[in-house]
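One structure is given here, and the rest of the page talks about it.
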Amino acid sequence: MVRMDRKKLVVAIVLLIAGSATAEYVRPKPRKTLDFPWKAKHTSLPQQVHISLAGEKHMRITWVTDDESSPSVVEYGTTPGKYTALAQGETTSYSYLLYSSGKIHHTVIGPLEDDTVYFYRCGGEGSEFKLKTPPSKFPITFAVGGDLGQTGWTASTLDHIGRCDHDMYLLPGDLSYADYMQYRWDTFGELVQPLASARPWMVTQGNHEEESIPFFKAGFASYNARWKMPFEESGSNSNLYYSFEVAGVHVIMLGSYADYDQYSDQYSWLKADLSKVDRNKTQWLIVLFHAPWYNSNKAHQGEGDGMKAAMEPLLYAAGVDIVLAGHVHAYERSKRVNNGRSDPCGAVHITVGDGGNREGLADKYINPEPEWSIFREASFGHGELKILNATHAFWGWHRNDDDEPVRSDQVWITSLRSSGCLSEKRHEFRKILMEP
């Protein structure tokens, strides 16, 4: 009898399930995939630490241990080594084919002061970590990038983000590129820990998070277990879509791979969430999801059209300022746009699916360039969105060029609230909200 070792068996199953890629990519010149071991390191100490917002003035600390008896406690304070508060959390775990996860801890700490450095320790042992809470008022800076993966290009992107003085990281889907190989979730957690343990990482799902196996495994099991976002705190019944408020900005994370038609739970939740936003207090409205609605790249053409048809009228009526997406492994920025054409009261759409994943870049574009497309380029990089005040924000896209962070595209964006567009849309928004 011929025996297949564990690794080869899992690879064979993955190839059978995943099939071939649907988009054509070109791999840039050598940045080898990082040389992680087949198995993540075994230790009783906390590992894969990352943080995320968990409601007003609270932060969720997430980590993994191999020790089943390790407590889900976080000690924290504003002085190194001196912890004045302690919080108790919850744990979960999951199995996937031949893989069993470690013990995944989620502990919420707070209330916390705004714009303050805290020192914390997970599980009562191990290293001390340091985080900084976001500010309560402008300015605030978001680092943005999707489709990360874990290659040498990813490491370059993370290094550049680390040099950016940001308050929060927004990731519009496709995190680890585990693609059924569950140990890659562990190595991804190790890779991003230096940044993700220090600033909140707010993420939404991409197609590479789904990992479903028909009749055997539901989708997003690994993602939901490891990357718990504040969905309950924002009135959602799914970790695949949620919202949060920070420093005068309302951020909505939507699910490209959850039902989104007008009869879906996600659509009903979105209407309810938008109806609660007071634009007299909340000057900026930002939305993230994975599959872009405005895309002049030949990769993934039309994949966001169904969601766009269902949800764009609602986002337009609500006065969404900026939409950030991933999926296409390139960068593109639009004019303010709605219903397929330029509109001064529409949203600026930006695709940043260029974090460094192993599939490579999408370098084939539709020509002539659509009138709504301002800048497009197939390079790895990341974006930075600095919202200075109630009226102005500065966006810059940084190309990862020869290991140097080069700002290749930049633009000042004026809020719709300050332009008069919101008053023009007030009746239209009320009408949509009243629809059953």
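Letters A, B, ... mark the chains of the structure tokens in the order given; residue numbers begin at 1 per chain; ligand numbers begin at 1, in order shown.
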
For the strand (DSSP E) assignment from backbone DSSP, which residues of stretch 348-381 of chain A qualify? Please present them as a VMD selection string.
chain A and resid 348 to 352 373 to 377 381

Next, dump the selected residues to file, keeping only all heavy atoms, as an mmCIF file, in the first residue's frame.
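File written: out.cif
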```
data_model
loop_
_atom_site.group_PDB
_atom_site.id
_atom_site.type_symbol
_atom_site.label_atom_id
_atom_site.label_comp_id
_atom_site.auth_asym_id
_atom_site.auth_seq_id
_atom_site.Cartn_x
_atom_site.Cartn_y
_atom_site.Cartn_z
ATOM 1 N N VAL A 348 -15.526 58.602 -3.853
ATOM 2 C CA VAL A 348 -14.237 58.271 -4.464
ATOM 3 C C VAL A 348 -13.988 56.784 -4.215
ATOM 4 O O VAL A 348 -14.026 56.335 -3.060
ATOM 5 C CB VAL A 348 -13.094 59.100 -3.853
ATOM 6 C CG1 VAL A 348 -11.745 58.659 -4.420
ATOM 7 C CG2 VAL A 348 -13.326 60.582 -4.098
ATOM 8 N N HIS A 349 -13.767 56.006 -5.263
ATOM 9 C CA HIS A 349 -13.505 54.570 -5.131
ATOM 10 C C HIS A 349 -12.014 54.307 -5.339
ATOM 11 O O HIS A 349 -11.425 54.760 -6.327
ATOM 12 C CB HIS A 349 -14.310 53.774 -6.158
ATOM 13 C CG HIS A 349 -15.759 53.649 -5.801
ATOM 14 N ND1 HIS A 349 -16.326 52.454 -5.416
ATOM 15 C CD2 HIS A 349 -16.753 54.583 -5.762
ATOM 16 C CE1 HIS A 349 -17.615 52.650 -5.149
ATOM 17 N NE2 HIS A 349 -17.899 53.930 -5.363
ATOM 18 N N ILE A 350 -11.423 53.572 -4.410
ATOM 19 C CA ILE A 350 -9.992 53.286 -4.460
ATOM 20 C C ILE A 350 -9.780 51.787 -4.279
ATOM 21 O O ILE A 350 -10.269 51.202 -3.306
ATOM 22 C CB ILE A 350 -9.215 54.061 -3.377
ATOM 23 C CG1 ILE A 350 -9.464 55.567 -3.521
ATOM 24 C CG2 ILE A 350 -7.724 53.751 -3.458
ATOM 25 C CD1 ILE A 350 -8.867 56.403 -2.398
ATOM 26 N N THR A 351 -9.080 51.170 -5.208
ATOM 27 C CA THR A 351 -8.720 49.753 -5.115
ATOM 28 C C THR A 351 -7.276 49.633 -4.651
ATOM 29 O O THR A 351 -6.370 50.187 -5.285
ATOM 30 C CB THR A 351 -8.884 49.048 -6.472
ATOM 31 O OG1 THR A 351 -10.262 49.130 -6.881
ATOM 32 C CG2 THR A 351 -8.487 47.578 -6.387
ATOM 33 N N VAL A 352 -7.072 48.907 -3.537
ATOM 34 C CA VAL A 352 -5.730 48.727 -2.983
ATOM 35 C C VAL A 352 -5.516 47.242 -2.670
ATOM 36 O O VAL A 352 -5.234 46.862 -1.541
ATOM 37 C CB VAL A 352 -5.486 49.591 -1.725
ATOM 38 C CG1 VAL A 352 -5.070 50.991 -2.073
ATOM 39 C CG2 VAL A 352 -6.715 49.616 -0.824
ATOM 40 N N SER A 373 -11.771 56.944 -14.255
ATOM 41 C CA SER A 373 -10.516 56.462 -13.677
ATOM 42 C C SER A 373 -9.437 57.535 -13.782
ATOM 43 O O SER A 373 -9.138 58.028 -14.869
ATOM 44 C CB SER A 373 -10.060 55.186 -14.392
ATOM 45 O OG SER A 373 -8.849 54.704 -13.825
ATOM 46 N N ILE A 374 -8.830 57.867 -12.648
ATOM 47 C CA ILE A 374 -7.818 58.925 -12.624
ATOM 48 C C ILE A 374 -6.401 58.366 -12.630
ATOM 49 O O ILE A 374 -5.518 58.885 -13.312
ATOM 50 C CB ILE A 374 -8.010 59.814 -11.379
ATOM 51 C CG1 ILE A 374 -9.300 60.608 -11.509
ATOM 52 C CG2 ILE A 374 -6.833 60.763 -11.187
ATOM 53 C CD1 ILE A 374 -9.562 61.529 -10.339
ATOM 54 N N PHE A 375 -6.166 57.305 -11.849
ATOM 55 C CA PHE A 375 -4.809 56.775 -11.721
ATOM 56 C C PHE A 375 -4.908 55.266 -11.557
ATOM 57 O O PHE A 375 -5.720 54.768 -10.768
ATOM 58 C CB PHE A 375 -4.111 57.388 -10.502
ATOM 59 C CG PHE A 375 -2.634 57.079 -10.405
ATOM 60 C CD1 PHE A 375 -1.684 58.009 -10.780
ATOM 61 C CD2 PHE A 375 -2.195 55.851 -9.935
ATOM 62 C CE1 PHE A 375 -0.321 57.732 -10.692
ATOM 63 C CE2 PHE A 375 -0.836 55.553 -9.842
ATOM 64 C CZ PHE A 375 0.103 56.504 -10.222
ATOM 65 N N ARG A 376 -4.068 54.520 -12.275
ATOM 66 C CA ARG A 376 -4.047 53.062 -12.147
ATOM 67 C C ARG A 376 -2.637 52.552 -12.408
ATOM 68 O O ARG A 376 -1.948 53.050 -13.293
ATOM 69 C CB ARG A 376 -5.050 52.414 -13.089
ATOM 70 C CG ARG A 376 -4.872 52.768 -14.560
ATOM 71 C CD ARG A 376 -6.003 52.214 -15.412
ATOM 72 N NE ARG A 376 -5.708 52.360 -16.842
ATOM 73 C CZ ARG A 376 -6.456 51.871 -17.824
ATOM 74 N NH1 ARG A 376 -7.568 51.203 -17.534
ATOM 75 N NH2 ARG A 376 -6.109 52.032 -19.090
ATOM 76 N N GLU A 377 -2.231 51.565 -11.617
ATOM 77 C CA GLU A 377 -0.886 51.016 -11.764
ATOM 78 C C GLU A 377 -0.814 49.649 -11.099
ATOM 79 O O GLU A 377 -1.344 49.444 -9.995
ATOM 80 C CB GLU A 377 0.155 51.943 -11.135
ATOM 81 C CG GLU A 377 1.579 51.433 -11.275
ATOM 82 C CD GLU A 377 2.607 52.388 -10.686
ATOM 83 O OE1 GLU A 377 2.468 53.610 -10.899
ATOM 84 O OE2 GLU A 377 3.534 51.912 -10.012
ATOM 85 N N GLY A 381 2.025 47.882 -2.937
ATOM 86 C CA GLY A 381 2.148 49.082 -2.128
ATOM 87 C C GLY A 381 1.078 49.133 -1.064
ATOM 88 O O GLY A 381 0.447 48.133 -0.733
#
```

Quick one: contact table of stretch 115-144 of chain A to stretch 248-261 of chain A, 9 Å max, nearest atom pair and distance in Å to one decimal per residue, counting only C-alpha atoms, chain and number order, as a Markdown table?
```
| residue | atom | partner | partner_atom | distance |
| --- | --- | --- | --- | --- |
| A:Ser136 | CA | A:Gly248 | CA | 7.6 |
| A:Lys137 | CA | A:Gly248 | CA | 6.3 |
| A:Phe138 | CA | A:Gly248 | CA | 7.2 |
```

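Between A:Arg399 and the candidates A:Tyr180, A:Trp284, A:Trp412, A:Tyr331, the tightest atom-to-atom separation, counting only C-alpha atoms, involves A:Tyr331.
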
Could you pull the residues within 12 Å of A:Ser423, counting only C-alpha atoms, minus those fewer than 4 positions along the same chain, as a ChimeraX atom specification?
/A:279-280,317-319,345,416-419,427-430

Store the residues picked out above, limited to C-alpha atoms, as an mmCIF file, in the first residue's frame.
```cif
data_model
loop_
_atom_site.group_PDB
_atom_site.id
_atom_site.type_symbol
_atom_site.label_atom_id
_atom_site.label_comp_id
_atom_site.auth_asym_id
_atom_site.auth_seq_id
_atom_site.Cartn_x
_atom_site.Cartn_y
_atom_site.Cartn_z
ATOM 1 C CA ARG A 279 -23.751 63.677 9.991
ATOM 2 C CA ASN A 280 -23.725 66.804 12.138
ATOM 3 C CA ALA A 317 -28.116 58.569 -0.833
ATOM 4 C CA ALA A 318 -26.314 58.339 2.526
ATOM 5 C CA GLY A 319 -23.427 60.435 1.218
ATOM 6 C CA CYS A 345 -21.820 63.881 -5.092
ATOM 7 C CA LEU A 416 -19.479 65.643 0.922
ATOM 8 C CA ARG A 417 -20.887 67.163 4.097
ATOM 9 C CA SER A 418 -18.969 70.368 3.401
ATOM 10 C CA SER A 419 -19.922 70.433 -0.298
ATOM 11 C CA HIS A 427 -35.140 63.501 0.699
ATOM 12 C CA GLU A 428 -33.695 60.661 -1.387
ATOM 13 C CA PHE A 429 -32.041 59.096 1.666
ATOM 14 C CA ARG A 430 -35.251 59.316 3.715
#
```
